[in-house]
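J.: Before we start, here is the structure in question, set down as structure tokens.
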Amino acid sequence: MAFSLQGRTVLITGAAGGIGSATAGTCARMGAKLVLADLEHPHEVAERLRAEGAEVSTLAFDVRDRKASEEAVAGIEQLDAVVANAGYCPWDDWNDPDWDTVFDDTIAINGMGVIHLVRPAMERMIRQGSGRIVLVSSVAGRMGGLRASPHYVIAKGGINALVKWLARRGAPHGVMVNAVAPGATATGMVRGQEFDLAGIPLGRLAEPREIGDPIAFLCSDSASYICGTILDVNGGVYMN
Ligand SMILES: NC(=O)c1ccc[n+]([C@@H]2O[C@H](COP(=O)([O-])OP(=O)(O)OC[C@H]3O[C@@H](n4cnc5c(N)ncnc54)[C@H](O)[C@@H]3O)[C@@H](O)[C@H]2O)c1
């Protein structure tokens with residue numbers, strides 16, 4: 001069955017958050033076993049999905065920590081797909097006094113944090129001859145963002161370039177790498193922010209499930225010929 005993750009194990013970072021937990025829900029309904037990771041064990045999401053019959057384990061690590069990320073990947077018995085979803089978007093101004101420090105942290109989480117995760121995952125998948133990696137980018141990396149500060153724009157623009165580098169490296173070994181670039185999505189990340197809905201052709205923010213479903217699709221065999229793409233899921237804000 002094409003739209004299925006039966007028998008697959010999917011690792012999702014940022015799984016306690018809006019898009020990560022929605023992705024976990026879709027992957028579970030598609031039959032995947034889940035390894036859900038966040039700064040703290042995402043127990044609440046895990047319990048909810050177990051109650052629906054999913055097989056779920058949890059991990060706690062900081063994606064800025066290379067050793068912890070590598071140990072997490074190495075400790076998973078079977079690994080078929082990785083969703084590099086953990087992210088950080090400070091809604092600050094580049095004139096703020098501490099902005100340069102925030103810049104470093106934003107790049108560390110959204111840039112280096114992805115490398116820390118996908119480097120060991122890709123090496124493992126290349127050895128096993130199969131795998132899926134989905135990076136979670138942003139419309140900010142496509143067209144400068146709706147409200148985002150430049151550190152986040154740089155980080156997500158970098159992800160949009162990195163996905164191609166990874167895809168070229170993985171494809172000959174059966175490892176498919178793609179990205180989803182969400183527009184503004186109703187999660188904790190945008191709480192307190194106001195968006196000009198008139199500037200969004202669909203006239204509303206995305207619901208987390210509307211991002212999680214395309215991510216799960218890219219983890220599945222339905223996406224078996226999709227390689228190095230950035231799937232825009234943004235209500236028409238940016239049309240590629
Ligand atoms: N919400 C949006 O509008 C939007 C738009 C475009 C892209 N995105 C991207 O989607 C992804 C998920 O964001 P979300 O909207 O669900 O936000 P969220 O804040 O609900 O979830 C982000 C999760 O990442 C985790 N996280 C943050 N720093 C971490 C670290 N150092 N190590 C491990 N985990 C860490 C957080 O604990 C949180 O659970 C992010 O990569 C974000 O940049 C979000």
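The chains in the structure tokens are called A, B, ... from first to last as shown; in each chain the residues are counted from 1, and the ligands are counted from 1 in the order shown.
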Near Arg124 (chain A), within 12 Å and counting only C-alpha atoms, which residues show up once chain neighbours fewer than 3 positions away are dropped, as a PDB file with C-alpha atoms, in the first residue's frame?
T.:
```
ATOM      1  CA  GLU A  70      24.583  10.818  17.444  1.00  0.00           C
ATOM      2  CA  VAL A  73      20.403   7.925  16.285  1.00  0.00           C
ATOM      3  CA  ALA A  74      22.716   5.021  17.170  1.00  0.00           C
ATOM      4  CA  GLY A  75      20.398   3.816  19.943  1.00  0.00           C
ATOM      5  CA  ILE A  76      17.370   3.274  17.709  1.00  0.00           C
ATOM      6  CA  GLU A  77      17.019  -0.371  16.713  1.00  0.00           C
ATOM      7  CA  GLN A  78      15.473   0.199  13.287  1.00  0.00           C
ATOM      8  CA  LEU A  79      15.518   3.556  11.502  1.00  0.00           C
ATOM      9  CA  ASP A  80      13.627   4.094   8.248  1.00  0.00           C
ATOM     10  CA  ALA A  81      12.835   7.812   8.295  1.00  0.00           C
ATOM     11  CA  VAL A  82      13.970  10.917  10.118  1.00  0.00           C
ATOM     12  CA  LEU A 117      20.881  14.667  13.345  1.00  0.00           C
ATOM     13  CA  VAL A 118      21.038  13.890   9.646  1.00  0.00           C
ATOM     14  CA  ARG A 119      24.786  13.173   9.457  1.00  0.00           C
ATOM     15  CA  PRO A 120      24.618   9.973  11.524  1.00  0.00           C
ATOM     16  CA  ALA A 121      21.148   9.129  10.175  1.00  0.00           C
ATOM     17  CA  ARG A 127      24.815   1.452   4.960  1.00  0.00           C
ATOM     18  CA  GLN A 128      21.354  -0.153   5.028  1.00  0.00           C
ATOM     19  CA  GLY A 129      20.617   0.970   1.440  1.00  0.00           C
ATOM     20  CA  SER A 130      17.337   2.747   2.193  1.00  0.00           C
ATOM     21  CA  GLY A 131      15.844   5.617   4.145  1.00  0.00           C
ATOM     22  CA  ARG A 132      13.921   8.856   4.113  1.00  0.00           C
ATOM     23  CA  ILE A 133      14.953  12.184   5.558  1.00  0.00           C
ATOM     24  CA  GLY A 170      21.727   9.912  -0.538  1.00  0.00           C
ATOM     25  CA  HIS A 173      22.097   4.645  -2.045  1.00  0.00           C
ATOM     26  CA  GLY A 174      18.281   4.634  -1.876  1.00  0.00           C
ATOM     27  CA  VAL A 175      18.139   7.420   0.692  1.00  0.00           C
TER      28      VAL A 175
END
```
J.: Listing only residues of chain A within 8 Å of ligand 1, what is the closest atom pair and its distance in Å (to one decimal) for each, using only C-alpha atoms and all ligand atoms, sorted by chain and residue number ascending, as a tab-separated table?
T.:
```
residue	atom	partner	partner_atom_place_in_ligand_line	distance
A:Thr13	CA	ligand 1	34 (N)	6.1
A:Gly14	CA	ligand 1	24 (O)	3.6
A:Ala15	CA	ligand 1	39 (O)	5.7
A:Ala16	CA	ligand 1	39 (O)	4.2
A:Gly17	CA	ligand 1	20 (O)	3.3
A:Gly18	CA	ligand 1	16 (O)	3.7
A:Ile19	CA	ligand 1	16 (O)	3.7
A:Gly20	CA	ligand 1	16 (O)	5.5
A:Ser21	CA	ligand 1	16 (O)	7.6
A:Ala37	CA	ligand 1	34 (N)	7.2
A:Asp38	CA	ligand 1	34 (N)	4.3
A:Leu39	CA	ligand 1	33 (C)	4.5
A:Glu40	CA	ligand 1	37 (O)	7.4
A:Ala60	CA	ligand 1	33 (C)	7.7
A:Phe61	CA	ligand 1	33 (C)	5.9
A:Asp62	CA	ligand 1	32 (N)	3.5
A:Val63	CA	ligand 1	32 (N)	4.0
A:Arg64	CA	ligand 1	31 (N)	5.4
A:Ala84	CA	ligand 1	41 (O)	7.4
A:Asn85	CA	ligand 1	41 (O)	4.5
A:Ala86	CA	ligand 1	24 (O)	3.6
A:Gly87	CA	ligand 1	41 (O)	3.5
A:Tyr88	CA	ligand 1	27 (C)	5.3
A:Cys89	CA	ligand 1	43 (O)	6.1
A:Ala108	CA	ligand 1	31 (N)	7.9
A:Ile109	CA	ligand 1	31 (N)	5.1
A:Asn110	CA	ligand 1	41 (O)	6.7
A:Gly113	CA	ligand 1	31 (N)	7.0
A:Val136	CA	ligand 1	41 (O)	5.1
A:Ser137	CA	ligand 1	7 (C)	5.5
A:Ser138	CA	ligand 1	6 (C)	3.9
A:Val139	CA	ligand 1	6 (C)	6.0
A:Ala140	CA	ligand 1	6 (C)	7.0
A:Tyr152	CA	ligand 1	43 (O)	7.9
A:Lys156	CA	ligand 1	43 (O)	7.7
A:Ala181	CA	ligand 1	6 (C)	6.2
A:Pro182	CA	ligand 1	6 (C)	4.3
A:Gly183	CA	ligand 1	5 (C)	4.8
A:Ala184	CA	ligand 1	3 (O)	3.4
A:Thr185	CA	ligand 1	3 (O)	3.7
A:Ala186	CA	ligand 1	1 (N)	5.8
A:Thr187	CA	ligand 1	15 (O)	4.8
A:Gly188	CA	ligand 1	20 (O)	4.4
A:Met189	CA	ligand 1	19 (O)	4.0
A:Val190	CA	ligand 1	1 (N)	5.6
A:Leu205	CA	ligand 1	3 (O)	7.9
A:Ala206	CA	ligand 1	3 (O)	7.8
A:Pro208	CA	ligand 1	16 (O)	7.2
```
J.: Identify which of the residues A:Ala223, A:Pro201, A:Glu44, A:His151 lies closest to Met239 (chain A), counting only C-alpha atoms when measuring atom-to-atom distances.
T.: A:Pro201
J.: Can you work out which one of A:Ile226, A:Val233, A:Val35, A:Met176 has the shortest atom-to-atom distance to Ile200 (chain A), counting only C-alpha atoms?
T.: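 Counting only C-alpha atoms, the residue closest to Ile200 (chain A) is A:Val233.
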J.: Using DSSP on the backbone coordinates, identify all residues within region 138-236 of chain A classified as helix (DSSP H, G or I); present the result as a PyMOL selection string.
T.: chain A and resi 140-143+150-173+188-190+197-199+208-219+221-223
J.: What are the DSSP strand (DSSP E or B) residues of region 60-178 of chain A, as a PyMOL selection string?
T.: chain A and resi 60+81-84+131-136+175-178
J.: Taking only C-alpha atoms into account, name the residue in A:Asn234, A:Ser69, A:Ser220, A:Thr58 that is nearest to Met143 (chain A).
T.: A:Asn234
J.: What is the distance between CA of Ile215 (chain A) and CA of Cys27 (chain A), in Å to one decimal?
T.: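 If I compute the distance from CA of Ile215 (chain A) to CA of Cys27 (chain A), I get 8.8 Å.
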J.: Can you work out the spacing between CA of Asn160 (chain A) and CA of Ile230 (chain A) in Å, to one decimal?
T.: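 Straight-line distance from CA of Asn160 (chain A) to CA of Ile230 (chain A) works out to 6.9 Å.
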J.: So what do you get for CA of Asp92 (chain A) versus CA of Gln193 (chain A), distance-wise?
T.: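 The value is 11.3 Å.
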J.: Which residue, A:Arg168, A:Arg8, A:Arg204, A:Arg142, has the smallest gap to Glu55 (chain A) when you use only C-alpha atoms?
T.: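 For Glu55 (chain A), the nearest of the given residues is A:Arg8.
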J.: Pick out the closest residue to Leu135 (chain A) from this set: A:Val83, A:Ala167, A:Leu218, A:Met112. Count only C-alpha atoms.
T.: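 Counting only C-alpha atoms, the residue closest to Leu135 (chain A) is A:Val83.
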J.: Which residue, A:Cys227, A:Pro150, A:Ala198, A:Arg209, has the smallest gap to Ala171 (chain A) when you use only C-alpha atoms?
T.: A:Cys227
